[in-house]
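Student: My structure is stored as target_32.cif, with mmCIF, C-alpha atoms.
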```cif
data_model
#
loop_
_atom_site.label_atom_id
_atom_site.label_comp_id
_atom_site.auth_asym_id
_atom_site.auth_seq_id
_atom_site.Cartn_x
_atom_site.Cartn_y
_atom_site.Cartn_z
CA MET A 1 0.00 0.00 0.00
CA THR A 2 1.35 3.39 -0.91
CA ALA A 3 1.55 5.98 1.82
CA ALA A 4 -1.52 8.22 1.79
CA GLN A 5 -0.84 11.70 0.55
CA ILE A 6 -1.26 14.45 3.12
CA LEU A 7 -2.79 17.70 1.91
CA THR A 8 -2.99 21.02 3.72
CA LEU A 9 -5.81 23.51 3.47
CA THR A 10 -7.50 26.33 5.33
CA ILE A 11 -10.95 25.99 6.87
CA ASP A 12 -12.41 29.11 8.49
CA GLY A 13 -8.94 30.61 8.75
CA LYS A 14 -7.55 27.57 10.52
CA HIS A 15 -4.67 25.69 8.90
CA VAL A 16 -5.53 22.00 8.81
CA SER A 17 -4.35 18.88 7.06
CA GLY A 18 -5.98 15.67 5.91
CA LEU A 19 -5.48 12.62 3.73
CA ALA A 20 -6.11 12.92 0.01
CA HIS A 21 -9.16 10.61 0.08
CA GLU A 22 -10.89 12.54 2.88
CA THR A 23 -13.84 14.84 2.35
CA LEU A 24 -14.05 18.42 3.55
CA LEU A 25 -16.60 17.36 6.13
CA GLN A 26 -14.35 14.66 7.59
CA VAL A 27 -11.39 17.03 7.89
CA ALA A 28 -13.59 19.73 9.42
CA LEU A 29 -14.94 17.30 12.03
CA GLU A 30 -11.43 16.06 12.88
CA ASN A 31 -10.54 19.68 13.61
CA ASP A 32 -13.64 20.48 15.67
CA ILE A 33 -15.14 22.70 13.00
CA ALA A 34 -18.90 22.17 13.03
CA ILE A 35 -20.79 21.93 9.73
CA PRO A 36 -24.52 21.17 9.90
CA THR A 37 -25.56 17.90 8.23
CA LEU A 38 -28.76 15.94 7.90
CA CYS A 39 -28.56 13.16 5.30
CA CYS A 40 -24.96 12.32 6.18
CA LEU A 41 -24.33 9.61 8.79
CA GLU A 42 -20.97 8.11 9.64
CA GLY A 43 -20.78 4.55 8.34
CA LEU A 44 -23.13 5.12 5.39
CA SER A 45 -22.33 6.27 1.89
CA ASN A 46 -22.72 10.00 1.33
CA GLN A 47 -25.12 11.20 -1.29
CA GLY A 48 -25.02 14.93 -0.64
CA SER A 49 -28.74 15.45 -1.05
CA CYS A 50 -29.76 17.59 1.93
CA ARG A 51 -27.42 20.43 0.93
CA LEU A 52 -27.02 21.65 4.52
CA CYS A 53 -23.26 21.10 4.51
CA MET A 54 -22.73 23.55 1.65
CA VAL A 55 -19.51 25.53 2.12
CA GLU A 56 -17.84 28.32 0.19
CA ILE A 57 -14.56 27.54 -1.50
CA ALA A 58 -12.29 30.37 -2.65
CA GLY A 59 -12.04 30.45 -6.42
CA THR A 60 -15.51 29.08 -7.14
CA THR A 61 -18.73 31.04 -7.08
CA LYS A 62 -20.90 28.01 -6.36
CA PRO A 63 -21.12 26.63 -2.82
CA GLN A 64 -20.13 22.94 -2.64
CA PRO A 65 -21.46 20.16 -0.36
CA ALA A 66 -18.70 19.38 2.15
CA CYS A 67 -19.73 15.72 2.59
CA VAL A 68 -18.94 14.74 -1.00
CA THR A 69 -16.18 17.23 -1.85
CA LEU A 70 -12.67 15.80 -1.55
CA ILE A 71 -10.02 18.09 -0.09
CA GLN A 72 -7.41 19.65 -2.31
CA GLU A 73 -4.02 21.18 -1.60
CA GLY A 74 -4.30 24.86 -0.75
CA MET A 75 -8.08 24.98 -0.59
CA VAL A 76 -9.51 27.95 1.31
CA VAL A 77 -12.89 27.05 2.76
CA ILE A 78 -15.49 29.07 4.64
CA THR A 79 -18.12 27.07 6.53
CA GLN A 80 -20.03 29.93 8.15
CA SER A 81 -21.16 33.09 6.40
CA GLU A 82 -24.34 35.10 6.25
CA ASN A 83 -25.10 33.67 2.79
CA LEU A 84 -24.62 30.09 3.88
CA ARG A 85 -26.74 30.63 6.97
CA THR A 86 -29.53 31.99 4.78
CA TYR A 87 -29.28 28.97 2.45
CA ARG A 88 -29.36 26.58 5.38
CA ARG A 89 -32.30 28.30 7.03
CA THR A 90 -34.21 28.21 3.74
CA ILE A 91 -33.54 24.49 3.32
CA ILE A 92 -34.87 23.82 6.82
CA GLU A 93 -37.93 25.97 6.19
CA LEU A 94 -38.64 24.14 2.93
CA LEU A 95 -38.32 20.78 4.69
CA PHE A 96 -40.81 21.92 7.32
CA SER A 97 -43.26 23.27 4.76
CA GLU A 98 -43.19 20.09 2.67
CA ARG A 99 -44.85 17.71 5.15
CA ASN A 100 -46.67 17.78 8.48
CA HIS A 101 -43.97 18.51 11.04
CA ILE A 102 -45.85 19.25 14.24
CA CYS A 103 -43.14 19.01 16.90
CA ALA A 104 -45.48 19.31 19.87
CA VAL A 105 -47.19 16.00 19.12
CA CYS A 106 -44.23 14.16 17.55
CA VAL A 107 -42.68 11.04 19.06
CA ALA A 108 -39.23 12.45 18.34
CA ASN A 109 -39.81 15.84 19.96
CA GLU A 110 -36.59 16.98 21.67
CA HIS A 111 -34.70 14.10 20.01
CA CYS A 112 -35.07 15.23 16.43
CA GLU A 113 -32.18 16.29 14.22
CA LEU A 114 -34.41 18.50 12.09
CA GLN A 115 -35.71 20.27 15.17
CA THR A 116 -32.21 20.69 16.61
CA LEU A 117 -30.90 22.13 13.35
CA ALA A 118 -33.84 24.51 13.11
CA ARG A 119 -33.15 25.70 16.63
CA ASP A 120 -29.41 26.09 16.00
CA LEU A 121 -30.02 28.06 12.82
CA GLY A 122 -32.62 30.27 14.46
CA VAL A 123 -35.59 29.17 12.36
CA ASP A 124 -38.52 30.46 14.42
CA HIS A 125 -41.11 30.62 11.65
CA ILE A 126 -41.62 29.34 8.13
CA SER A 127 -41.92 31.90 5.37
CA PHE A 128 -43.39 29.43 2.86
CA PRO A 129 -47.00 28.29 2.90
CA GLY A 130 -47.16 24.76 4.31
CA ARG A 131 -48.36 22.02 1.93
CA TYR A 132 -49.89 19.87 4.67
CA PRO A 133 -50.32 16.81 2.43
CA ALA A 134 -52.59 14.00 3.58
CA LEU A 135 -50.08 11.18 3.93
CA PRO A 136 -50.66 7.69 5.31
CA VAL A 137 -49.08 6.12 8.39
CA ASP A 138 -47.94 2.51 8.00
CA ALA A 139 -48.32 0.69 11.33
CA SER A 140 -48.53 -2.80 9.81
CA HIS A 141 -45.18 -3.88 11.24
CA ASP A 142 -45.21 -5.66 14.61
CA ARG A 143 -42.68 -3.39 16.26
CA PHE A 144 -42.22 -0.26 14.15
CA VAL A 145 -44.22 2.49 12.49
CA LEU A 146 -43.52 4.51 9.35
CA ASP A 147 -45.09 7.97 9.40
CA HIS A 148 -44.69 9.65 6.00
CA ASN A 149 -45.83 12.93 7.51
CA ARG A 150 -42.51 13.34 9.36
CA CYS A 151 -40.26 12.02 6.60
CA ILE A 152 -37.70 14.34 5.03
CA LEU A 153 -36.51 11.80 2.43
CA CYS A 154 -32.90 11.86 3.66
CA THR A 155 -32.68 8.17 2.59
CA ARG A 156 -30.66 7.16 5.65
CA CYS A 157 -33.09 4.24 6.11
CA VAL A 158 -32.70 3.24 2.47
CA ARG A 159 -28.92 3.31 2.72
CA VAL A 160 -28.60 1.57 6.09
CA CYS A 161 -30.93 -1.20 4.91
CA ALA A 162 -29.10 -1.70 1.61
CA GLU A 163 -25.53 -1.10 2.73
CA ILE A 164 -25.35 -2.38 6.31
CA GLU A 165 -28.22 -4.83 6.72
CA GLY A 166 -28.07 -5.93 3.09
CA ALA A 167 -31.84 -6.36 2.85
CA HIS A 168 -32.69 -3.31 0.69
CA THR A 169 -36.27 -3.31 1.91
CA TRP A 170 -36.60 0.46 1.47
CA ASP A 171 -36.41 2.62 -1.58
CA ILE A 172 -37.93 5.81 -2.92
CA GLN A 173 -41.01 5.61 -5.10
CA GLY A 174 -42.15 8.36 -7.43
CA ARG A 175 -40.18 11.52 -8.03
CA GLY A 176 -40.02 15.13 -6.99
CA ILE A 177 -42.63 16.37 -4.58
CA ARG A 178 -44.54 13.06 -4.85
CA SER A 179 -41.61 10.94 -3.62
CA LEU A 180 -42.30 8.53 -0.78
CA ILE A 181 -40.31 5.91 1.09
CA THR A 182 -41.57 2.51 0.00
CA ALA A 183 -41.06 -1.10 1.11
CA ASP A 184 -40.67 -3.80 -1.55
CA PHE A 185 -43.40 -3.37 -4.18
CA ASN A 186 -45.13 -0.68 -2.17
CA SER A 187 -46.40 -3.37 0.19
CA PRO A 188 -47.31 -2.63 3.81
CA TRP A 189 -44.15 -2.81 5.91
CA GLY A 190 -45.55 -5.71 7.95
CA GLN A 191 -45.94 -7.80 4.80
CA SER A 192 -42.49 -7.08 3.41
CA THR A 193 -40.71 -10.29 2.47
CA THR A 194 -37.23 -8.75 2.63
CA CYS A 195 -37.43 -6.89 5.96
CA THR A 196 -35.45 -8.60 8.74
CA SER A 197 -37.01 -6.42 11.48
CA CYS A 198 -33.51 -5.38 12.58
CA GLY A 199 -34.68 -1.85 13.34
CA LYS A 200 -31.57 -0.07 12.05
CA CYS A 201 -33.69 2.17 9.83
CA VAL A 202 -35.64 3.29 12.89
CA GLN A 203 -32.51 4.17 14.83
CA VAL A 204 -30.85 6.15 12.00
CA CYS A 205 -33.97 8.12 11.07
CA PRO A 206 -33.25 11.77 12.01
CA THR A 207 -36.90 12.62 12.64
CA GLY A 208 -40.03 10.90 13.95
CA ALA A 209 -40.81 9.28 10.59
CA LEU A 210 -39.66 5.86 11.78
CA PHE A 211 -40.29 4.95 15.39
CA GLU A 212 -40.90 2.06 17.75
CA LYS A 213 -44.49 1.12 18.46
CA GLY A 214 -45.82 2.19 21.84
CA ARG A 215 -43.75 5.37 22.06
CA SER A 216 -45.67 8.49 22.93
CA VAL A 217 -44.85 12.15 22.39
CA ALA A 218 -41.14 12.91 22.85
CA GLU A 219 -40.42 9.33 23.94
CA MET A 220 -38.58 8.12 20.86
CA LEU A 221 -34.95 8.48 21.78
CA LYS A 222 -32.97 7.13 18.86
CA LYS A 223 -29.96 5.00 19.64
CA ARG A 224 -27.78 5.96 16.71
CA PRO A 225 -26.18 2.60 16.04
CA SER A 226 -22.39 2.61 15.93
CA LEU A 227 -22.31 1.91 12.24
CA PRO A 228 -18.54 2.44 11.87
CA TYR A 229 -18.11 -0.16 14.64
CA LEU A 230 -20.41 -2.61 12.85
CA VAL A 231 -18.65 -2.06 9.56
CA SER A 232 -15.16 -2.45 11.01
CA ASN A 233 -16.16 -5.62 12.87
CA ARG A 234 -17.54 -7.15 9.71
CA THR A 235 -14.47 -6.23 7.70
CA ARG A 236 -12.36 -7.95 10.35
CA GLU A 237 -14.55 -11.05 10.16
CA GLN A 238 -14.14 -11.26 6.43
CA GLN A 239 -10.36 -11.00 6.57
CA MET B 1 -41.88 -13.99 -4.59
CA PRO B 2 -42.60 -16.00 -7.71
CA ALA B 3 -39.39 -17.33 -9.18
CA SER B 4 -41.20 -18.61 -12.23
CA GLN B 5 -43.17 -16.69 -14.79
CA PRO B 6 -46.42 -15.49 -13.22
CA ASP B 7 -48.79 -17.23 -15.62
CA GLN B 8 -46.52 -20.22 -16.19
CA SER B 9 -47.17 -20.07 -19.91
CA ALA B 10 -43.63 -20.39 -21.16
CA THR B 11 -45.05 -20.54 -24.63
CA ASP B 12 -46.47 -17.04 -24.29
CA LYS B 13 -44.52 -15.02 -26.81
CA ARG B 14 -44.61 -11.95 -24.64
CA TRP B 15 -42.63 -13.67 -21.89
CA LYS B 16 -40.19 -14.95 -24.46
CA THR B 17 -39.27 -11.44 -25.55
CA ILE B 18 -38.80 -10.35 -21.95
CA ASN B 19 -36.63 -13.37 -21.17
CA LEU B 20 -34.64 -12.73 -24.32
CA VAL B 21 -33.82 -9.18 -23.23
CA MET B 22 -32.64 -10.43 -19.85
CA GLN B 23 -30.55 -13.17 -21.45
CA ARG B 24 -28.99 -10.73 -23.84
CA HIS B 25 -27.77 -8.75 -20.83
CA ASP B 26 -26.61 -11.88 -19.03
CA HIS B 27 -29.20 -11.21 -16.28
CA ARG B 28 -27.10 -8.34 -14.99
CA PRO B 29 -28.88 -5.86 -12.68
CA GLU B 30 -28.07 -3.09 -15.16
CA ALA B 31 -30.57 -4.65 -17.57
CA LEU B 32 -33.43 -3.50 -15.33
CA ILE B 33 -34.65 -0.52 -17.35
CA GLU B 34 -34.23 -2.34 -20.64
CA THR B 35 -36.27 -5.27 -19.27
CA LEU B 36 -38.97 -2.97 -17.90
CA HIS B 37 -39.25 -1.42 -21.35
CA ALA B 38 -39.71 -4.86 -22.91
CA ALA B 39 -42.32 -5.84 -20.31
CA GLN B 40 -44.23 -2.60 -20.69
CA GLU B 41 -44.15 -3.03 -24.46
CA ALA B 42 -45.42 -6.60 -24.15
CA PHE B 43 -48.15 -6.17 -21.55
CA GLY B 44 -49.01 -2.47 -21.78
CA PHE B 45 -48.42 -2.04 -18.06
CA LEU B 46 -46.32 -3.47 -15.24
CA ASP B 47 -48.20 -5.41 -12.57
CA PRO B 48 -46.63 -6.55 -9.26
CA GLU B 49 -46.22 -10.14 -10.52
CA THR B 50 -44.26 -9.02 -13.55
CA LEU B 51 -42.09 -6.74 -11.41
CA ALA B 52 -41.48 -9.55 -8.92
CA TYR B 53 -40.43 -11.91 -11.69
CA ILE B 54 -38.02 -9.36 -13.15
CA ALA B 55 -36.62 -8.56 -9.69
CA THR B 56 -35.89 -12.23 -9.03
CA GLN B 57 -34.39 -12.87 -12.45
CA LEU B 58 -32.08 -9.87 -12.35
CA ASP B 59 -31.36 -10.18 -8.64
CA VAL B 60 -32.42 -6.59 -7.96
CA PRO B 61 -34.16 -5.76 -4.65
CA PRO B 62 -37.96 -5.43 -5.09
CA ALA B 63 -37.97 -1.93 -3.61
CA LYS B 64 -35.43 -0.77 -6.18
CA VAL B 65 -37.45 -2.21 -9.07
CA TYR B 66 -40.54 -0.45 -7.77
CA GLY B 67 -38.60 2.79 -7.25
CA VAL B 68 -37.29 2.78 -10.82
CA THR B 69 -40.71 1.89 -12.24
CA THR B 70 -42.45 4.73 -10.45
CA PHE B 71 -39.67 7.25 -11.13
CA TYR B 72 -40.16 7.26 -14.89
CA ASN B 73 -43.37 8.56 -16.43
CA HIS B 74 -42.95 6.07 -19.24
CA PHE B 75 -43.78 3.12 -17.01
CA ASN B 76 -47.25 2.59 -15.64
CA CYS B 77 -48.32 0.09 -13.00
CA SER B 78 -51.97 -0.14 -14.04
CA PRO B 79 -53.52 -0.60 -17.50
CA ARG B 80 -53.94 2.55 -19.55
CA GLY B 81 -57.20 3.64 -21.09
CA GLU B 82 -57.91 3.55 -24.82
CA HIS B 83 -56.42 6.99 -25.23
CA PHE B 84 -53.35 8.42 -23.62
CA LEU B 85 -52.86 12.11 -22.96
CA GLU B 86 -49.52 13.46 -21.78
CA ILE B 87 -49.31 17.02 -20.54
CA CYS B 88 -45.86 18.57 -20.34
CA THR B 89 -45.14 20.43 -17.10
CA GLY B 90 -41.59 21.46 -17.96
CA THR B 91 -40.55 25.04 -17.31
CA ALA B 92 -41.46 26.51 -20.71
CA CYS B 93 -44.80 24.68 -20.84
CA HIS B 94 -45.55 25.65 -17.26
CA VAL B 95 -44.94 29.30 -18.11
CA LYS B 96 -47.25 28.91 -21.11
CA GLY B 97 -49.95 27.57 -18.80
CA THR B 98 -50.19 23.79 -19.19
CA ASP B 99 -51.41 23.69 -15.60
CA ARG B 100 -54.63 25.19 -16.97
CA ILE B 101 -54.96 22.26 -19.40
CA ALA B 102 -54.54 19.86 -16.49
CA ALA B 103 -57.14 21.78 -14.48
CA TRP B 104 -59.47 21.73 -17.48
CA ALA B 105 -59.03 17.96 -17.87
CA GLN B 106 -59.72 17.48 -14.20
CA GLU B 107 -62.91 19.47 -14.38
CA LYS B 108 -64.12 17.91 -17.61
CA TYR B 109 -63.09 14.29 -17.12
CA GLY B 110 -62.46 14.15 -13.38
CA LEU B 111 -58.88 13.09 -13.96
CA GLU B 112 -55.94 13.62 -11.65
CA PRO B 113 -52.52 13.14 -13.27
CA GLY B 114 -51.80 9.41 -13.46
CA GLN B 115 -55.47 8.40 -13.48
CA THR B 116 -57.76 6.74 -16.00
CA THR B 117 -61.45 7.58 -16.47
CA ALA B 118 -64.00 5.10 -15.13
CA ASP B 119 -65.13 4.18 -18.66
CA ASN B 120 -61.49 3.44 -19.56
CA ARG B 121 -61.56 5.99 -22.39
CA LEU B 122 -58.73 8.25 -21.33
CA SER B 123 -55.57 8.14 -19.24
CA MET B 124 -53.69 11.30 -18.38
CA VAL B 125 -50.18 11.83 -17.05
CA GLU B 126 -48.00 14.84 -16.47
CA VAL B 127 -44.56 14.54 -18.03
CA ARG B 128 -41.60 16.76 -17.37
CA CYS B 129 -40.14 18.22 -20.55
CA VAL B 130 -40.48 16.31 -23.77
CA GLY B 131 -37.68 18.36 -25.37
CA ALA B 132 -39.92 20.53 -27.53
CA CYS B 133 -39.83 23.69 -25.42
CA ALA B 134 -40.02 25.97 -28.46
CA LEU B 135 -43.50 24.58 -29.11
CA ALA B 136 -44.80 25.23 -25.58
CA PRO B 137 -47.47 24.58 -24.39
CA VAL B 138 -46.97 20.95 -25.40
CA ILE B 139 -49.32 18.00 -25.01
CA ILE B 140 -49.06 14.53 -26.55
CA THR B 141 -52.21 12.74 -27.68
CA ASP B 142 -51.62 9.03 -28.31
CA GLY B 143 -48.03 9.75 -29.29
CA THR B 144 -48.83 12.77 -31.47
CA LEU B 145 -47.27 16.00 -30.29
CA ILE B 146 -49.45 19.09 -30.25
CA GLY B 147 -47.80 22.42 -29.58
CA ALA B 148 -47.60 26.12 -30.39
CA LYS B 149 -51.35 26.53 -29.75
CA THR B 150 -53.25 28.61 -27.24
CA ILE B 151 -54.77 26.88 -24.24
CA ALA B 152 -58.29 27.17 -25.73
CA GLU B 153 -57.14 25.71 -29.07
CA THR B 154 -55.39 22.88 -27.27
CA THR B 155 -58.40 21.90 -25.19
CA ASP B 156 -60.57 22.04 -28.34
CA LEU B 157 -58.13 19.70 -30.07
CA ILE B 158 -58.30 17.28 -27.14
CA GLU B 159 -62.09 17.25 -27.34
CA GLU B 160 -61.95 16.67 -31.11
CA TRP B 161 -59.40 13.90 -30.69
CA LEU B 162 -61.52 12.08 -28.14
CA HIS B 163 -64.69 12.72 -30.11
CA ASP B 164 -63.39 11.31 -33.41
CA ASP B 165 -63.90 7.67 -32.58
CA ALA B 166 -66.54 8.13 -29.91
CA PRO B 167 -68.99 5.23 -29.81
#
```
Give the structure from this file in structure tokens form.

Tutor:
Amino acid sequence: MTAAQILTLTIDGKHVSGLAHETLLQVALENDIAIPTLCCLEGLSNQGSCRLCMVEIAGTTKPQPACVTLIQEGMVVITQSENLRTYRRTIIELLFSERNHICAVCVANEHCELQTLARDLGVDHISFPGRYPALPVDASHDRFVLDHNRCILCTRCVRVCAEIEGAHTWDIQGRGIRSLITADFNSPWGQSTTCTSCGKCVQVCPTGALFEKGRSVAEMLKKRPSLPYLVSNRTREQQ
Amino acid sequence: MPASQPDQSATDKRWKTINLVMQRHDHRPEALIETLHAAQEAFGFLDPETLAYIATQLDVPPAKVYGVTTFYNHFNCSPRGEHFLEICTGTACHVKGTDRIAAWAQEKYGLEPGQTTADNRLSMVEVRCVGACALAPVIITDGTLIGAKTIAETTDLIEEWLHDDAP
């Protein structure tokens, strides 16, 4: 194995270094520089879809998502600016306006990544008219419930099921504003032939869209599974 | 999940063409869209049994097959009516007011995008950009593109088109 190349760059005025295969987000986290994320979860592949980790890079006019941008020698990166904060606030507001996010009666109240981000970014109202779609709740599974009303389509459940559990029970059906998480051939979750009932999707879900049955308001404390630990253990087994 | 062909009729020519497409691609997962095209061509729509068979044969997770099928406007999971109306909702067509054609169709035929009338006469879908933006507002009636008309002219043409072979 060739020695990994070490690159140096500047993030928020701080001189930092990282390996050539690392992303901006990884290097920022290693150096205690906080960048908000939502779809990203350590141990899963990154797809860069939530756009919250957008950062400004000197020399380009377009902001880039930190989770899928590899570092380069001499990069000058800004993670916090008034522009970026506005973008991030708008993204959160759009997420809220898209479905029925009523924190006060949500199982994930106080344990919700969307709620936490909104609070951190100072989103105290939504400037877009809410869509309030009438979406179903799938409670056909013995132990878990899928509530489309709280879903933000981050696809963490899809990725953890396909990449870690290997079942690929979940996917996205439809497109655009009509997209929905779907099990198998749009069958009720309880009748899915591929689901192993492992519950990883429930634990990685950032909101109250996936939760354990019997949980009441604010009772769904997600145990973010140590996915890197799982992955490293499996790699060791295979060797 | 049925591992065999849903209706077991191996002699059915339609299944032969679908199997042929999969064989030609060595049953690789990448053959999914190609196979869905063949199945849609053969049966006119994609029912859960067909999708399950394709998923098993190509070793693609069912959820992924369903996701791909519902992502593309070209595929439909229920039989289409005798006539098929596509309304473009791309940017140029939207600006030219195709949403008013959709609203008109809803009022006149009670059709939401993706639905078929009760008498099975007409199916309507919204499609996003058919690549003829210069002709906006664009609609497609049974494969025939109609464009560069006003909204009133367009709705008249739809009525004429449906009236032509009315029983």

Student: Applied to the shown file, which residues does the PyMOL selection byres ((chain B) within 12 of (chain A)) return, written as a ChimeraX atom specification?

Tutor: /B:1-2,46-53,55,59-73,75-77,113-114,126-128

Student: Taking the file above as input, evaluate the PyMOL selection byres ((chain A and resi 134) around 9) and report the hits as a VMD selection string.

Tutor: chain A and resid 99 to 100 132 to 133 135 to 136 149

Student: How about saving the chosen residues, C-alpha atoms kept, as an mmCIF file, in the coordinates of the input?

Tutor:
```cif
data_model
loop_
_atom_site.group_PDB
_atom_site.id
_atom_site.type_symbol
_atom_site.label_atom_id
_atom_site.label_comp_id
_atom_site.auth_asym_id
_atom_site.auth_seq_id
_atom_site.Cartn_x
_atom_site.Cartn_y
_atom_site.Cartn_z
ATOM 1 C CA ARG A 99 -44.850 17.710 5.150
ATOM 2 C CA ASN A 100 -46.670 17.780 8.480
ATOM 3 C CA TYR A 132 -49.890 19.870 4.670
ATOM 4 C CA PRO A 133 -50.320 16.810 2.430
ATOM 5 C CA LEU A 135 -50.080 11.180 3.930
ATOM 6 C CA PRO A 136 -50.660 7.690 5.310
ATOM 7 C CA ASN A 149 -45.830 12.930 7.510
#
```

Student: Could you tell me how far CA of Arg159 in chain A sits from CA of Cys106 in chain A, in Å to one decimal place?

Tutor: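 Separating CA of Cys106 in chain A from CA of Arg159 in chain A is a distance of 23.9 Å.
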
Student: Expand the PyMOL selection byres ((chain A and resi 25-40) around 6) into the explicit residue set it covers here, and present it as a ChimeraX atom specification.

Tutor: /A:18,23-24,41,46,50,52-53,66-67,154

Student: Quick one: pull the distance between CA of Glu56 in chain A and CA of Cys112 in chain A, Å, one decimal.

Tutor: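 That distance, rounded to one decimal, is 27.1 Å.
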
Student: Between CA of Glu42 in chain A and CA of Ser226 in chain A, measure the distance and give it in Å to one decimal.

Tutor: 8.5 Å

Student: How big is the axis-aligned box, and where does its centre sit, when it encloses all atoms of range 29-48 of chain B listed in the file and has 4 Å added on every side, reported in Å to one decimal as lines of an AutoDock Vina configuration file?

Tutor:
```
center_x = -38.5
center_y = -3.6
center_z = -16.9
size_x = 28.9
size_y = 14.1
size_z = 23.2
```

Student: Can you pull out the residues contacting range 73-84 of chain A? Cut-off 7 Å, using all atoms listed in the file, and skip same-chain residues under 6 positions away; I want them as a list in words.

Tutor: Leu7, Thr8, Leu9, Thr10, Ile11, Asp12, Ile35, Val55, Glu56, Ile57 and Ala58 of chain A

Student: Please list as a ChimeraX atom specification every residue within 9 Å of Ala105 in chain B, counting only C-alpha atoms and excluding residues in the same chain fewer than 6 positions away.

Tutor: /B:111-112,124,155

Student: Please provide as a ChimeraX atom specification all residues within 12 Å of Thr117 in chain B, with the sequence filter that same-chain residues fewer than 5 positions apart are discarded (counting only C-alpha atoms).

Tutor: /B:79-85,105-106,108-112,122-124

Student: Residues of the last selection are to be written out with C-alpha atoms, as a PDB file, in the coordinates of the input.

Tutor:
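That gives us out_13.pdb:
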```pdb
ATOM      1  CA  PRO B  79     -53.520  -0.600 -17.500  1.00  0.00           C
ATOM      2  CA  ARG B  80     -53.940   2.550 -19.550  1.00  0.00           C
ATOM      3  CA  GLY B  81     -57.200   3.640 -21.090  1.00  0.00           C
ATOM      4  CA  GLU B  82     -57.910   3.550 -24.820  1.00  0.00           C
ATOM      5  CA  HIS B  83     -56.420   6.990 -25.230  1.00  0.00           C
ATOM      6  CA  PHE B  84     -53.350   8.420 -23.620  1.00  0.00           C
ATOM      7  CA  LEU B  85     -52.860  12.110 -22.960  1.00  0.00           C
ATOM      8  CA  ALA B 105     -59.030  17.960 -17.870  1.00  0.00           C
ATOM      9  CA  GLN B 106     -59.720  17.480 -14.200  1.00  0.00           C
ATOM     10  CA  LYS B 108     -64.120  17.910 -17.610  1.00  0.00           C
ATOM     11  CA  TYR B 109     -63.090  14.290 -17.120  1.00  0.00           C
ATOM     12  CA  GLY B 110     -62.460  14.150 -13.380  1.00  0.00           C
ATOM     13  CA  LEU B 111     -58.880  13.090 -13.960  1.00  0.00           C
ATOM     14  CA  GLU B 112     -55.940  13.620 -11.650  1.00  0.00           C
ATOM     15  CA  LEU B 122     -58.730   8.250 -21.330  1.00  0.00           C
ATOM     16  CA  SER B 123     -55.570   8.140 -19.240  1.00  0.00           C
ATOM     17  CA  MET B 124     -53.690  11.300 -18.380  1.00  0.00           C
TER      18      MET B 124
END
```

Student: Counting all atoms listed in the file, note down every residue that has an atom within 12 Å of the point (-49.5, -7.5, 17.9) (file coordinates), as JSON, numbers by chain.

Tutor: {"A": [139, 140, 141, 142, 143, 144, 190, 213, 214]}

Student: Show me, as a ChimeraX atom specification, the residues that have an atom within 12 Å of Thr90 in chain A when counting only C-alpha atoms, minus same-chain residues fewer than 5 positions from it.

Tutor: /A:50-52,83-85,95-97,117-118,121-128

Student: Smallest atom-to-atom distance to Cys93 in chain B: which of B:Cys129, B:Leu162, B:Val21, B:Ala31, using only C-alpha atoms?

Tutor: B:Cys129
